[in-house]
Amino acid sequence: MKVEFSKATAKGKKMKAIFYEKGKDGKMKKKKTISFGAENYLDFTTGATKEQRERYRKRHTNSRENHNNPMTAGSLSFFVLWGNSTSKQSNIRAFKRKFNLT
């Protein structure tokens, strides 16, 4: 499975992830598009502190969000916007490795 990240086109969202999978003909086909991250709020990649990151992760760890499924807004926000690095690119690479995506 493949994923591409870009700036969101949905109003009020920061980013979007487009997931692709191989069809029966062997070509990559779009499976799902997910917009995530509230546009008007800080995240770890836009200036939030480590303390804010820890509070966010603690607040969202025991929630209804499924962080084991890469195709959820909760998982994308948790690992990309609030990941271990302040670099979105670094967090995207880690997300792809974690879920075995290209």
# chains A, B, ... in the order shown; residues from 1 in each chain; ligands from 1

call {"tool": "select_by_dssp", "arguments": {"residues": "chain A", "states": "helix (DSSP H, G or I)", "output": "PyMOL selection string"}}
result
chain A and resi 50-61+73-81+88-98

call {"tool": "closest_atom_pairs", "arguments": {"of": "region 60-83 of chain A", "to": "region 12-35 of chain A", "cutoff": "12 Å", "atoms": "only C-alpha atoms", "output": "CSV"}}
result
residue,atom,partner,partner_atom,distance
A:Pro70,CA,A:Phe19,CA,9.4
A:Met71,CA,A:Ile34,CA,7.3
A:Thr72,CA,A:Ile34,CA,7.1
A:Ala73,CA,A:Ile34,CA,6.4
A:Gly74,CA,A:Ile34,CA,10.2
A:Ser75,CA,A:Ile34,CA,10.7
A:Leu76,CA,A:Ala17,CA,8.2
A:Ser77,CA,A:Met15,CA,9.3
A:Val80,CA,A:Met15,CA,9.8
A:Leu81,CA,A:Met15,CA,9.3

call {"tool": "write_last_selection", "arguments": {"atoms": "C-alpha atoms", "output": "mmCIF file, in the first residue's frame"}}
result
data_model
loop_
_atom_site.group_PDB
_atom_site.id
_atom_site.type_symbol
_atom_site.label_atom_id
_atom_site.label_comp_id
_atom_site.auth_asym_id
_atom_site.auth_seq_id
_atom_site.Cartn_x
_atom_site.Cartn_y
_atom_site.Cartn_z
ATOM 1 C CA PRO A 70 -3.040 3.952 9.582
ATOM 2 C CA MET A 71 -6.168 5.021 7.676
ATOM 3 C CA THR A 72 -7.716 7.063 10.477
ATOM 4 C CA ALA A 73 -7.410 10.778 11.173
ATOM 5 C CA GLY A 74 -6.554 9.964 14.792
ATOM 6 C CA SER A 75 -3.616 7.776 13.826
ATOM 7 C CA LEU A 76 -2.351 10.277 11.260
ATOM 8 C CA SER A 77 -2.511 13.170 13.745
ATOM 9 C CA VAL A 80 2.563 12.743 11.922
ATOM 10 C CA LEU A 81 1.563 15.982 13.673
#

call {"tool": "residues_around", "arguments": {"residues": "Ser87 (chain A)", "least_positions_apart": "4", "cutoff": "10 Å", "atoms": "only C-alpha atoms", "output": "VMD selection string"}}
result
chain A and resid 44 to 46 80 to 83 91 to 92

call {"tool": "write_last_selection", "arguments": {"atoms": "N, CA and C atoms", "output": "PDB file, in the first residue's frame"}}
result
ATOM      1  N   PHE A  44       2.932  19.573  17.308  1.00  0.00           N
ATOM      2  CA  PHE A  44       4.355  19.482  17.645  1.00  0.00           C
ATOM      3  C   PHE A  44       5.241  19.946  16.487  1.00  0.00           C
ATOM      4  N   THR A  45       4.745  19.877  15.259  1.00  0.00           N
ATOM      5  CA  THR A  45       5.551  20.304  14.114  1.00  0.00           C
ATOM      6  C   THR A  45       5.419  21.801  13.834  1.00  0.00           C
ATOM      7  N   THR A  46       4.500  22.481  14.534  1.00  0.00           N
ATOM      8  CA  THR A  46       4.315  23.920  14.288  1.00  0.00           C
ATOM      9  C   THR A  46       4.547  24.764  15.535  1.00  0.00           C
ATOM     10  N   VAL A  80       1.966  11.764  12.835  1.00  0.00           N
ATOM     11  CA  VAL A  80       2.563  12.743  11.922  1.00  0.00           C
ATOM     12  C   VAL A  80       2.660  14.123  12.570  1.00  0.00           C
ATOM     13  N   LEU A  81       1.557  14.630  13.098  1.00  0.00           N
ATOM     14  CA  LEU A  81       1.563  15.982  13.673  1.00  0.00           C
ATOM     15  C   LEU A  81       2.114  16.017  15.101  1.00  0.00           C
ATOM     16  N   TRP A  82       1.941  14.921  15.830  1.00  0.00           N
ATOM     17  CA  TRP A  82       2.396  14.849  17.219  1.00  0.00           C
ATOM     18  C   TRP A  82       3.423  13.739  17.411  1.00  0.00           C
ATOM     19  N   GLY A  83       4.181  13.430  16.366  1.00  0.00           N
ATOM     20  CA  GLY A  83       5.184  12.361  16.404  1.00  0.00           C
ATOM     21  C   GLY A  83       6.392  12.728  17.249  1.00  0.00           C
ATOM     22  N   ASN A  91       8.535  12.651  10.671  1.00  0.00           N
ATOM     23  CA  ASN A  91       7.386  11.918  11.219  1.00  0.00           C
ATOM     24  C   ASN A  91       6.670  11.117  10.132  1.00  0.00           C
ATOM     25  N   ILE A  92       6.603  11.648   8.919  1.00  0.00           N
ATOM     26  CA  ILE A  92       5.988  10.921   7.807  1.00  0.00           C
ATOM     27  C   ILE A  92       6.809   9.669   7.492  1.00  0.00           C
TER      28      ILE A  92
END

call {"tool": "residues_around", "arguments": {"residues": "Thr61 (chain A)", "least_positions_apart": "5", "cutoff": "12 Å", "atoms": "only C-alpha atoms", "output": "list in words"}}
result
Arg53, Glu54, Arg55, Tyr56, Asn66, His67, Asn68, Gly74, Ser75, Ser77, Phe78 and Phe79 of chain A

call {"tool": "write_last_selection", "arguments": {"atoms": "N, CA and C atoms", "output": "PDB file, in the first residue's frame"}}
result
ATOM      1  N   ARG A  53       2.961  18.169  23.777  1.00  0.00           N
ATOM      2  CA  ARG A  53       2.935  16.907  23.041  1.00  0.00           C
ATOM      3  C   ARG A  53       2.589  15.746  23.967  1.00  0.00           C
ATOM      4  N   GLU A  54       3.203  15.704  25.116  1.00  0.00           N
ATOM      5  CA  GLU A  54       2.918  14.631  26.081  1.00  0.00           C
ATOM      6  C   GLU A  54       1.461  14.675  26.539  1.00  0.00           C
ATOM      7  N   ARG A  55       0.945  15.876  26.784  1.00  0.00           N
ATOM      8  CA  ARG A  55      -0.470  15.998  27.186  1.00  0.00           C
ATOM      9  C   ARG A  55      -1.394  15.530  26.064  1.00  0.00           C
ATOM     10  N   TYR A  56      -1.081  15.914  24.829  1.00  0.00           N
ATOM     11  CA  TYR A  56      -1.893  15.475  23.687  1.00  0.00           C
ATOM     12  C   TYR A  56      -1.882  13.956  23.591  1.00  0.00           C
ATOM     13  N   ASN A  66      -8.255   4.761  16.965  1.00  0.00           N
ATOM     14  CA  ASN A  66      -7.528   3.523  16.707  1.00  0.00           C
ATOM     15  C   ASN A  66      -6.172   3.869  16.101  1.00  0.00           C
ATOM     16  N   HIS A  67      -5.125   3.833  16.906  1.00  0.00           N
ATOM     17  CA  HIS A  67      -3.790   4.173  16.425  1.00  0.00           C
ATOM     18  C   HIS A  67      -3.103   3.001  15.739  1.00  0.00           C
ATOM     19  N   ASN A  68      -3.758   1.859  15.681  1.00  0.00           N
ATOM     20  CA  ASN A  68      -3.195   0.696  14.984  1.00  0.00           C
ATOM     21  C   ASN A  68      -3.639   0.649  13.526  1.00  0.00           C
ATOM     22  N   GLY A  74      -7.183  10.025  13.476  1.00  0.00           N
ATOM     23  CA  GLY A  74      -6.554   9.964  14.792  1.00  0.00           C
ATOM     24  C   GLY A  74      -5.139   9.425  14.722  1.00  0.00           C
ATOM     25  N   SER A  75      -4.947   8.366  13.982  1.00  0.00           N
ATOM     26  CA  SER A  75      -3.616   7.776  13.826  1.00  0.00           C
ATOM     27  C   SER A  75      -2.675   8.726  13.083  1.00  0.00           C
ATOM     28  N   SER A  77      -2.847  12.043  12.877  1.00  0.00           N
ATOM     29  CA  SER A  77      -2.511  13.170  13.745  1.00  0.00           C
ATOM     30  C   SER A  77      -1.519  12.751  14.818  1.00  0.00           C
ATOM     31  N   PHE A  78      -1.773  11.603  15.435  1.00  0.00           N
ATOM     32  CA  PHE A  78      -0.946  11.108  16.532  1.00  0.00           C
ATOM     33  C   PHE A  78       0.503  10.921  16.096  1.00  0.00           C
ATOM     34  N   PHE A  79       0.719  10.305  14.935  1.00  0.00           N
ATOM     35  CA  PHE A  79       2.076   9.967  14.509  1.00  0.00           C
ATOM     36  C   PHE A  79       2.733  11.004  13.605  1.00  0.00           C
TER      37      PHE A  79
END

call {"tool": "select_by_dssp", "arguments": {"residues": "chain A", "states": "strand (DSSP E or B)", "output": "list in words"}}
result
Lys2, Val3, Glu4, Phe5, Ser6, Lys7, Lys13, Lys14, Met15, Lys16, Ala17, Ile18, Phe19, Tyr20, Glu21, Lys22, Met28, Lys29, Lys30, Lys31, Lys32, Thr33, Ile34, Ser35, Phe36, Gly37 and Ala38 of chain A

call {"tool": "write_last_selection", "arguments": {"atoms": "C-alpha atoms", "output": "PDB file, in the first residue's frame"}}
result
ATOM      1  CA  LYS A   2       1.153   3.522  -0.774  1.00  0.00           C
ATOM      2  CA  VAL A   3       0.400   6.842   0.915  1.00  0.00           C
ATOM      3  CA  GLU A   4       0.990  10.428  -0.235  1.00  0.00           C
ATOM      4  CA  PHE A   5       0.815  13.493   1.997  1.00  0.00           C
ATOM      5  CA  SER A   6      -0.019  17.063   1.003  1.00  0.00           C
ATOM      6  CA  LYS A   7      -1.625  20.256   2.264  1.00  0.00           C
ATOM      7  CA  LYS A  13      -7.744  20.933   8.027  1.00  0.00           C
ATOM      8  CA  LYS A  14      -3.926  21.024   7.878  1.00  0.00           C
ATOM      9  CA  MET A  15      -2.997  17.979   5.838  1.00  0.00           C
ATOM     10  CA  LYS A  16      -4.401  15.149   3.797  1.00  0.00           C
ATOM     11  CA  ALA A  17      -3.189  11.613   3.219  1.00  0.00           C
ATOM     12  CA  ILE A  18      -4.185   9.695   0.111  1.00  0.00           C
ATOM     13  CA  PHE A  19      -3.915   5.925   0.383  1.00  0.00           C
ATOM     14  CA  TYR A  20      -3.475   3.763  -2.722  1.00  0.00           C
ATOM     15  CA  GLU A  21      -3.515   0.012  -3.205  1.00  0.00           C
ATOM     16  CA  LYS A  22      -2.817  -2.257  -6.144  1.00  0.00           C
ATOM     17  CA  MET A  28      -2.225   1.672  -8.075  1.00  0.00           C
ATOM     18  CA  LYS A  29      -5.747   2.895  -7.352  1.00  0.00           C
ATOM     19  CA  LYS A  30      -6.914   5.437  -4.812  1.00  0.00           C
ATOM     20  CA  LYS A  31      -8.480   3.701  -1.821  1.00  0.00           C
ATOM     21  CA  LYS A  32      -9.106   6.490   0.688  1.00  0.00           C
ATOM     22  CA  THR A  33      -8.388  10.189   1.284  1.00  0.00           C
ATOM     23  CA  ILE A  34      -8.207  11.455   4.857  1.00  0.00           C
ATOM     24  CA  SER A  35      -7.961  15.102   5.930  1.00  0.00           C
ATOM     25  CA  PHE A  36      -6.547  15.580   9.409  1.00  0.00           C
ATOM     26  CA  GLY A  37      -5.303  18.174  11.896  1.00  0.00           C
ATOM     27  CA  ALA A  38      -7.280  21.258  12.859  1.00  0.00           C
TER      28      ALA A  38
END

call {"tool": "atom_distance", "arguments": {"atom1": "CA of Arg93 (chain A)", "atom2": "CA of Ala48 (chain A)"}}
result
20.3 Å
